[in-house]
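For reference, model_24.cif is printed below; it contains mmCIF, N, CA and C atoms and all ligand atoms.
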data_final
#
loop_
_atom_site.label_atom_id
_atom_site.label_comp_id
_atom_site.auth_asym_id
_atom_site.auth_seq_id
_atom_site.Cartn_x
_atom_site.Cartn_y
_atom_site.Cartn_z
N MET D 10 80.22 231.44 21.36
CA MET D 10 79.64 230.27 20.72
C MET D 10 80.70 229.61 19.83
N VAL D 11 80.86 228.33 19.99
CA VAL D 11 81.83 227.57 19.20
C VAL D 11 81.20 227.20 17.87
N GLN D 12 81.95 227.49 16.80
CA GLN D 12 81.47 227.15 15.46
C GLN D 12 81.88 225.71 15.15
N ALA D 13 80.90 224.85 14.92
CA ALA D 13 81.19 223.45 14.63
C ALA D 13 81.62 223.28 13.18
N LYS D 14 82.58 222.38 12.97
CA LYS D 14 83.01 222.06 11.61
C LYS D 14 82.08 221.02 11.02
N PRO D 15 81.92 221.02 9.71
CA PRO D 15 81.14 219.95 9.08
C PRO D 15 81.81 218.61 9.34
N LEU D 16 81.00 217.58 9.54
CA LEU D 16 81.51 216.22 9.74
C LEU D 16 81.67 215.57 8.37
N LYS D 17 82.87 215.04 8.11
CA LYS D 17 83.14 214.43 6.81
C LYS D 17 82.59 213.01 6.75
N ILE D 18 82.15 212.62 5.56
CA ILE D 18 81.66 211.26 5.36
C ILE D 18 82.77 210.26 5.69
N SER D 19 83.99 210.59 5.30
CA SER D 19 85.11 209.68 5.56
C SER D 19 85.31 209.46 7.05
N ASP D 20 85.06 210.48 7.87
CA ASP D 20 85.19 210.32 9.32
C ASP D 20 84.08 209.44 9.87
N ILE D 21 82.89 209.56 9.32
CA ILE D 21 81.77 208.71 9.77
C ILE D 21 82.08 207.25 9.46
N ILE D 22 82.58 207.01 8.26
CA ILE D 22 82.90 205.64 7.86
C ILE D 22 84.04 205.09 8.72
N ARG D 23 85.07 205.90 8.95
CA ARG D 23 86.19 205.46 9.79
C ARG D 23 85.70 205.12 11.20
N PHE D 24 84.82 205.95 11.75
CA PHE D 24 84.27 205.72 13.09
C PHE D 24 83.50 204.41 13.13
N LEU D 25 82.62 204.21 12.18
CA LEU D 25 81.79 202.99 12.18
C LEU D 25 82.66 201.75 12.05
N GLU D 26 83.67 201.82 11.19
CA GLU D 26 84.56 200.67 11.01
C GLU D 26 85.34 200.40 12.30
N ALA D 27 85.82 201.47 12.95
CA ALA D 27 86.58 201.30 14.18
C ALA D 27 85.74 200.71 15.29
N LYS D 28 84.46 201.00 15.28
CA LYS D 28 83.56 200.50 16.32
C LYS D 28 82.93 199.15 15.98
N GLY D 29 83.23 198.66 14.78
CA GLY D 29 82.69 197.36 14.38
C GLY D 29 81.23 197.40 14.00
N ALA D 30 80.73 198.59 13.66
CA ALA D 30 79.33 198.71 13.25
C ALA D 30 79.13 198.06 11.88
N LYS D 31 78.05 197.35 11.72
CA LYS D 31 77.78 196.68 10.46
C LYS D 31 77.38 197.70 9.39
N ALA D 32 77.98 197.53 8.21
CA ALA D 32 77.69 198.45 7.12
C ALA D 32 76.40 198.08 6.41
N ARG D 33 75.90 196.87 6.66
CA ARG D 33 74.69 196.43 5.95
C ARG D 33 73.44 197.08 6.55
N CYS D 34 72.49 197.35 5.67
CA CYS D 34 71.20 197.91 6.08
C CYS D 34 70.47 196.87 6.94
N VAL D 35 69.91 197.31 8.05
CA VAL D 35 69.19 196.39 8.94
C VAL D 35 67.86 195.95 8.33
N ALA D 36 67.37 196.67 7.37
CA ALA D 36 66.07 196.34 6.76
C ALA D 36 66.21 195.39 5.57
N CYS D 37 67.17 195.65 4.66
CA CYS D 37 67.24 194.86 3.43
C CYS D 37 68.59 194.16 3.24
N GLY D 38 69.57 194.48 4.05
CA GLY D 38 70.87 193.83 3.95
C GLY D 38 71.81 194.46 2.94
N SER D 39 71.39 195.51 2.26
CA SER D 39 72.24 196.16 1.27
C SER D 39 73.48 196.77 1.92
N LYS D 40 74.59 196.73 1.21
CA LYS D 40 75.82 197.36 1.69
C LYS D 40 75.95 198.80 1.21
N HIS D 41 75.05 199.22 0.32
CA HIS D 41 75.13 200.56 -0.26
C HIS D 41 74.38 201.56 0.62
N PHE D 42 75.10 202.50 1.18
CA PHE D 42 74.43 203.54 1.96
C PHE D 42 75.04 204.89 1.66
N GLU D 43 74.28 205.89 1.97
CA GLU D 43 74.72 207.26 1.77
C GLU D 43 74.47 208.01 3.07
N THR D 44 75.07 209.16 3.17
CA THR D 44 74.81 209.98 4.34
C THR D 44 74.70 211.43 3.91
N VAL D 45 74.17 212.22 4.78
CA VAL D 45 74.09 213.64 4.49
C VAL D 45 75.49 214.22 4.62
N ASP D 46 76.02 214.74 3.54
CA ASP D 46 77.33 215.38 3.56
C ASP D 46 77.14 216.81 4.03
N GLU D 47 77.61 217.08 5.23
CA GLU D 47 77.38 218.39 5.83
C GLU D 47 78.10 219.50 5.08
N CYS D 48 79.10 219.13 4.27
CA CYS D 48 79.79 220.15 3.49
C CYS D 48 78.95 220.58 2.29
N GLU D 49 78.12 219.67 1.79
CA GLU D 49 77.33 219.98 0.60
C GLU D 49 76.14 220.90 0.91
N PRO D 50 75.21 220.47 1.79
CA PRO D 50 74.04 221.33 2.03
C PRO D 50 74.32 222.43 3.04
N ASP D 51 75.53 222.42 3.65
CA ASP D 51 75.85 223.41 4.67
C ASP D 51 74.82 223.37 5.79
N ALA D 52 74.47 222.14 6.20
CA ALA D 52 73.44 221.99 7.21
C ALA D 52 73.69 220.72 8.03
N ARG D 53 73.16 220.71 9.22
CA ARG D 53 73.22 219.54 10.08
C ARG D 53 71.80 219.11 10.42
N VAL D 54 71.70 217.87 10.93
CA VAL D 54 70.41 217.32 11.31
C VAL D 54 70.39 217.17 12.81
N ALA D 55 69.22 217.44 13.42
CA ALA D 55 69.11 217.26 14.87
C ALA D 55 67.71 216.77 15.22
N PHE D 56 67.64 215.99 16.28
CA PHE D 56 66.35 215.60 16.84
C PHE D 56 66.07 216.53 18.01
N LYS D 57 64.81 216.79 18.24
CA LYS D 57 64.45 217.58 19.40
C LYS D 57 64.18 216.66 20.58
N ALA D 58 64.65 217.06 21.73
CA ALA D 58 64.45 216.29 22.95
C ALA D 58 63.56 217.10 23.88
N PHE D 59 62.35 216.58 24.14
CA PHE D 59 61.38 217.29 24.96
C PHE D 59 61.48 216.84 26.41
N LYS D 60 61.29 217.77 27.31
CA LYS D 60 61.27 217.43 28.73
C LYS D 60 59.92 216.81 29.07
N PHE D 61 59.93 215.89 30.01
CA PHE D 61 58.69 215.33 30.52
C PHE D 61 58.14 216.27 31.55
N PRO D 62 56.85 216.47 31.72
CA PRO D 62 55.80 215.88 30.88
C PRO D 62 55.53 216.77 29.67
N GLY D 63 54.85 216.23 28.73
CA GLY D 63 54.42 216.99 27.56
C GLY D 63 55.55 217.31 26.61
N TYR D 64 55.28 218.18 25.68
CA TYR D 64 56.29 218.55 24.72
C TYR D 64 56.13 220.02 24.37
N ASP D 65 57.02 220.79 24.87
CA ASP D 65 57.05 222.22 24.58
C ASP D 65 58.15 222.45 23.56
N ALA D 66 57.78 222.62 22.31
CA ALA D 66 58.77 222.74 21.23
C ALA D 66 59.70 223.92 21.45
N THR D 67 59.21 224.96 22.10
CA THR D 67 60.06 226.14 22.29
C THR D 67 61.14 225.88 23.33
N GLY D 68 60.93 224.89 24.21
CA GLY D 68 61.91 224.59 25.24
C GLY D 68 62.72 223.35 24.94
N ALA D 69 62.55 222.79 23.76
CA ALA D 69 63.23 221.55 23.43
C ALA D 69 64.71 221.78 23.17
N LYS D 70 65.50 220.82 23.58
CA LYS D 70 66.93 220.85 23.26
C LYS D 70 67.13 220.03 21.99
N ALA D 71 68.23 220.30 21.31
CA ALA D 71 68.53 219.57 20.08
C ALA D 71 69.65 218.56 20.33
N ILE D 72 69.47 217.37 19.78
CA ILE D 72 70.51 216.35 19.82
C ILE D 72 71.00 216.18 18.39
N ASP D 73 72.26 216.56 18.16
CA ASP D 73 72.81 216.42 16.81
C ASP D 73 72.90 214.96 16.41
N VAL D 74 72.49 214.67 15.20
CA VAL D 74 72.56 213.30 14.70
C VAL D 74 73.16 213.27 13.30
N VAL D 75 73.63 212.09 12.94
CA VAL D 75 74.10 211.82 11.59
C VAL D 75 73.19 210.75 11.03
N LEU D 76 72.71 210.94 9.82
CA LEU D 76 71.80 209.99 9.22
C LEU D 76 72.50 209.20 8.13
N LEU D 77 72.32 207.88 8.15
CA LEU D 77 72.77 207.03 7.06
C LEU D 77 71.52 206.55 6.34
N VAL D 78 71.51 206.70 5.03
CA VAL D 78 70.35 206.33 4.22
C VAL D 78 70.72 205.15 3.34
N CYS D 79 69.95 204.07 3.39
CA CYS D 79 70.20 202.91 2.56
C CYS D 79 69.96 203.29 1.10
N GLY D 80 70.95 202.96 0.25
CA GLY D 80 70.82 203.27 -1.16
C GLY D 80 69.86 202.36 -1.89
N ASN D 81 69.42 201.29 -1.25
CA ASN D 81 68.48 200.35 -1.87
C ASN D 81 67.05 200.60 -1.42
N CYS D 82 66.78 200.51 -0.12
CA CYS D 82 65.39 200.57 0.36
C CYS D 82 65.06 201.89 1.04
N ALA D 83 66.03 202.78 1.17
CA ALA D 83 65.83 204.12 1.73
C ALA D 83 65.58 204.13 3.24
N ALA D 84 65.85 203.02 3.91
CA ALA D 84 65.75 203.02 5.37
C ALA D 84 66.79 203.98 5.93
N ILE D 85 66.45 204.63 7.03
CA ILE D 85 67.36 205.61 7.64
C ILE D 85 67.80 205.12 9.01
N ARG D 86 69.11 205.22 9.26
CA ARG D 86 69.68 204.95 10.58
C ARG D 86 70.22 206.25 11.11
N ALA D 87 70.04 206.48 12.39
CA ALA D 87 70.53 207.71 13.01
C ALA D 87 71.61 207.37 14.04
N TYR D 88 72.68 208.16 14.04
CA TYR D 88 73.76 208.01 15.01
C TYR D 88 73.96 209.37 15.68
N ALA D 89 74.29 209.32 16.97
CA ALA D 89 74.61 210.56 17.67
C ALA D 89 75.86 211.16 17.05
N ARG D 90 75.84 212.45 16.78
CA ARG D 90 76.94 213.11 16.08
C ARG D 90 78.16 213.33 16.96
N LYS D 91 77.96 213.77 18.21
CA LYS D 91 79.08 214.17 19.08
C LYS D 91 80.11 213.06 19.28
N PRO D 92 79.70 211.81 19.58
CA PRO D 92 80.74 210.78 19.75
C PRO D 92 81.59 210.59 18.50
N ILE D 93 81.00 210.78 17.33
CA ILE D 93 81.76 210.64 16.08
C ILE D 93 82.72 211.81 15.93
N VAL D 94 82.25 213.01 16.21
CA VAL D 94 83.12 214.20 16.14
C VAL D 94 84.29 214.06 17.11
N ASP D 95 83.99 213.64 18.34
CA ASP D 95 85.05 213.49 19.36
C ASP D 95 86.05 212.43 18.93
N TRP D 96 85.54 211.29 18.43
CA TRP D 96 86.43 210.21 17.99
C TRP D 96 87.30 210.68 16.83
N ALA D 97 86.74 211.38 15.87
CA ALA D 97 87.49 211.85 14.71
C ALA D 97 88.59 212.83 15.13
N ALA D 98 88.32 213.64 16.16
CA ALA D 98 89.34 214.57 16.65
C ALA D 98 90.48 213.84 17.33
N GLU D 99 90.14 212.73 18.01
CA GLU D 99 91.16 211.94 18.70
C GLU D 99 91.91 211.01 17.74
N ASN D 100 91.34 210.76 16.58
CA ASN D 100 91.91 209.83 15.61
C ASN D 100 91.99 210.48 14.23
N PRO D 101 92.81 211.53 14.11
CA PRO D 101 92.90 212.24 12.83
C PRO D 101 93.56 211.38 11.74
N THR D 102 93.24 211.69 10.51
CA THR D 102 93.91 211.02 9.40
C THR D 102 95.29 211.61 9.22
N ASN D 103 96.18 210.83 8.66
CA ASN D 103 97.55 211.31 8.46
C ASN D 103 97.71 212.03 7.14
ZN ZN D 201 67.97 198.89 2.93
#
Kindly return the structure encoded in the file as structure tokens.
Amino acid sequence: MVQAKPLKISDIIRFLEAKGAKARCVACGSKHFETVDECEPDARVAFKAFKFPGYDATGAKAIDVVLLVCGNCAAIRAYARKPIVDWAAENPTN
């Protein structure tokens, strides 16, 4: 089993900027956002993906996500984690 490293906030921001993602909240337009720092809580967030038909929680797969939380209205945006991790590995800081 491969041990995943925590994703840094700076890598998330670098990824979003490189991809041209808007920093403003889609709900209120605020530029202030926060994210879950995986180094702080020592935890990651994932959505469960259920197979059709129905939803068997015991057989669900997990999709790793990164959450951005608006510092003004608390709206949450979710991004797939793996593309950010892969991009950060291909584009290391100096
Ligand atoms: Zn907002």
Problem set entry | Per-residue DSSP, segment 11-103 of chain D, filtered to strand (DSSP E or B), as a VMD selection string | chain D and resid 42 to 44 54 to 58 70 to 79 85 to 89
For this session: Tell me which of D:Glu99, D:Phe61, D:Arg53, D:Tyr88 sits closest to Pro15 of chain D, counting only N, CA and C atoms.
Result: D:Arg53
Exercise. So, counting only N, CA and C atoms and all ligand atoms, which residue among D:Ala58, D:Val75, D:Ala27, D:Ala83 is closest to ligand ZN 201 (chain D)?
Worked result: D:Ala83
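In this comparison, which uses only C-alpha atoms and all ligand atoms, the residue of D:Ile22, D:Ala69, D:Ala55, D:Ile85 approaching ligand ZN 201 (chain D) most closely is D:Ile85.
Those protein and nucleic acid residues that have any atom within 10 Å of ligand ZN 201 (chain D) are, using only C-alpha atoms and all ligand atoms, Arg33, Cys34, Val35, Ala36, Cys37, Gly38, Ser39, Lys40, His41, Phe42, Val78, Cys79, Gly80, Asn81, Cys82, Ala83, Ala84, Ile85 and Arg86 of chain D.
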Exercise. Taking only C-alpha atoms into account, which of D:Asp73, D:Gly68, D:Lys17, D:Ala89 comes nearest Thr44 of chain D?
Worked result: D:Lys17
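Using all atoms listed in the file, the protein and nucleic acid residues lying at most 8 Å from the point (82.0, 209.0, 13.9) are Ser19, Asp20, Ile21, Ile22, Arg23, Phe24, Leu25, Glu26, Ala89, Arg90, Lys91, Pro92, Ile93, Val94, Asp95, Trp96 and Ala97 of chain D.
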Write the selection just made, keeping N, CA and C atoms, as a tab-separated table (two decimals), keeping the file's coordinate frame?
chain	number	residue	atom	x	y	z
D	19	SER	N	83.99	210.59	5.30
D	19	SER	CA	85.11	209.68	5.56
D	19	SER	C	85.31	209.46	7.05
D	20	ASP	N	85.06	210.48	7.87
D	20	ASP	CA	85.19	210.32	9.32
D	20	ASP	C	84.08	209.44	9.87
D	21	ILE	N	82.89	209.56	9.32
D	21	ILE	CA	81.77	208.71	9.77
D	21	ILE	C	82.08	207.25	9.46
D	22	ILE	N	82.58	207.01	8.26
D	22	ILE	CA	82.90	205.64	7.86
D	22	ILE	C	84.04	205.09	8.72
D	23	ARG	N	85.07	205.90	8.95
D	23	ARG	CA	86.19	205.46	9.79
D	23	ARG	C	85.70	205.12	11.20
D	24	PHE	N	84.82	205.95	11.75
D	24	PHE	CA	84.27	205.72	13.09
D	24	PHE	C	83.50	204.41	13.13
D	25	LEU	N	82.62	204.21	12.18
D	25	LEU	CA	81.79	202.99	12.18
D	25	LEU	C	82.66	201.75	12.05
D	26	GLU	N	83.67	201.82	11.19
D	26	GLU	CA	84.56	200.67	11.01
D	26	GLU	C	85.34	200.40	12.30
D	89	ALA	N	74.29	209.32	16.97
D	89	ALA	CA	74.61	210.56	17.67
D	89	ALA	C	75.86	211.16	17.05
D	90	ARG	N	75.84	212.45	16.78
D	90	ARG	CA	76.94	213.11	16.08
D	90	ARG	C	78.16	213.33	16.96
D	91	LYS	N	77.96	213.77	18.21
D	91	LYS	CA	79.08	214.17	19.08
D	91	LYS	C	80.11	213.06	19.28
D	92	PRO	N	79.70	211.81	19.58
D	92	PRO	CA	80.74	210.78	19.75
D	92	PRO	C	81.59	210.59	18.50
D	93	ILE	N	81.00	210.78	17.33
D	93	ILE	CA	81.76	210.64	16.08
D	93	ILE	C	82.72	211.81	15.93
D	94	VAL	N	82.25	213.01	16.21
D	94	VAL	CA	83.12	214.20	16.14
D	94	VAL	C	84.29	214.06	17.11
D	95	ASP	N	83.99	213.64	18.34
D	95	ASP	CA	85.05	213.49	19.36
D	95	ASP	C	86.05	212.43	18.93
D	96	TRP	N	85.54	211.29	18.43
D	96	TRP	CA	86.43	210.21	17.99
D	96	TRP	C	87.30	210.68	16.83
D	97	ALA	N	86.74	211.38	15.87
D	97	ALA	CA	87.49	211.85	14.71
D	97	ALA	C	88.59	212.83	15.13
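Note that atom CA of Lys57 of chain D and atom C of Val74 of chain D are 11.5 Å apart.
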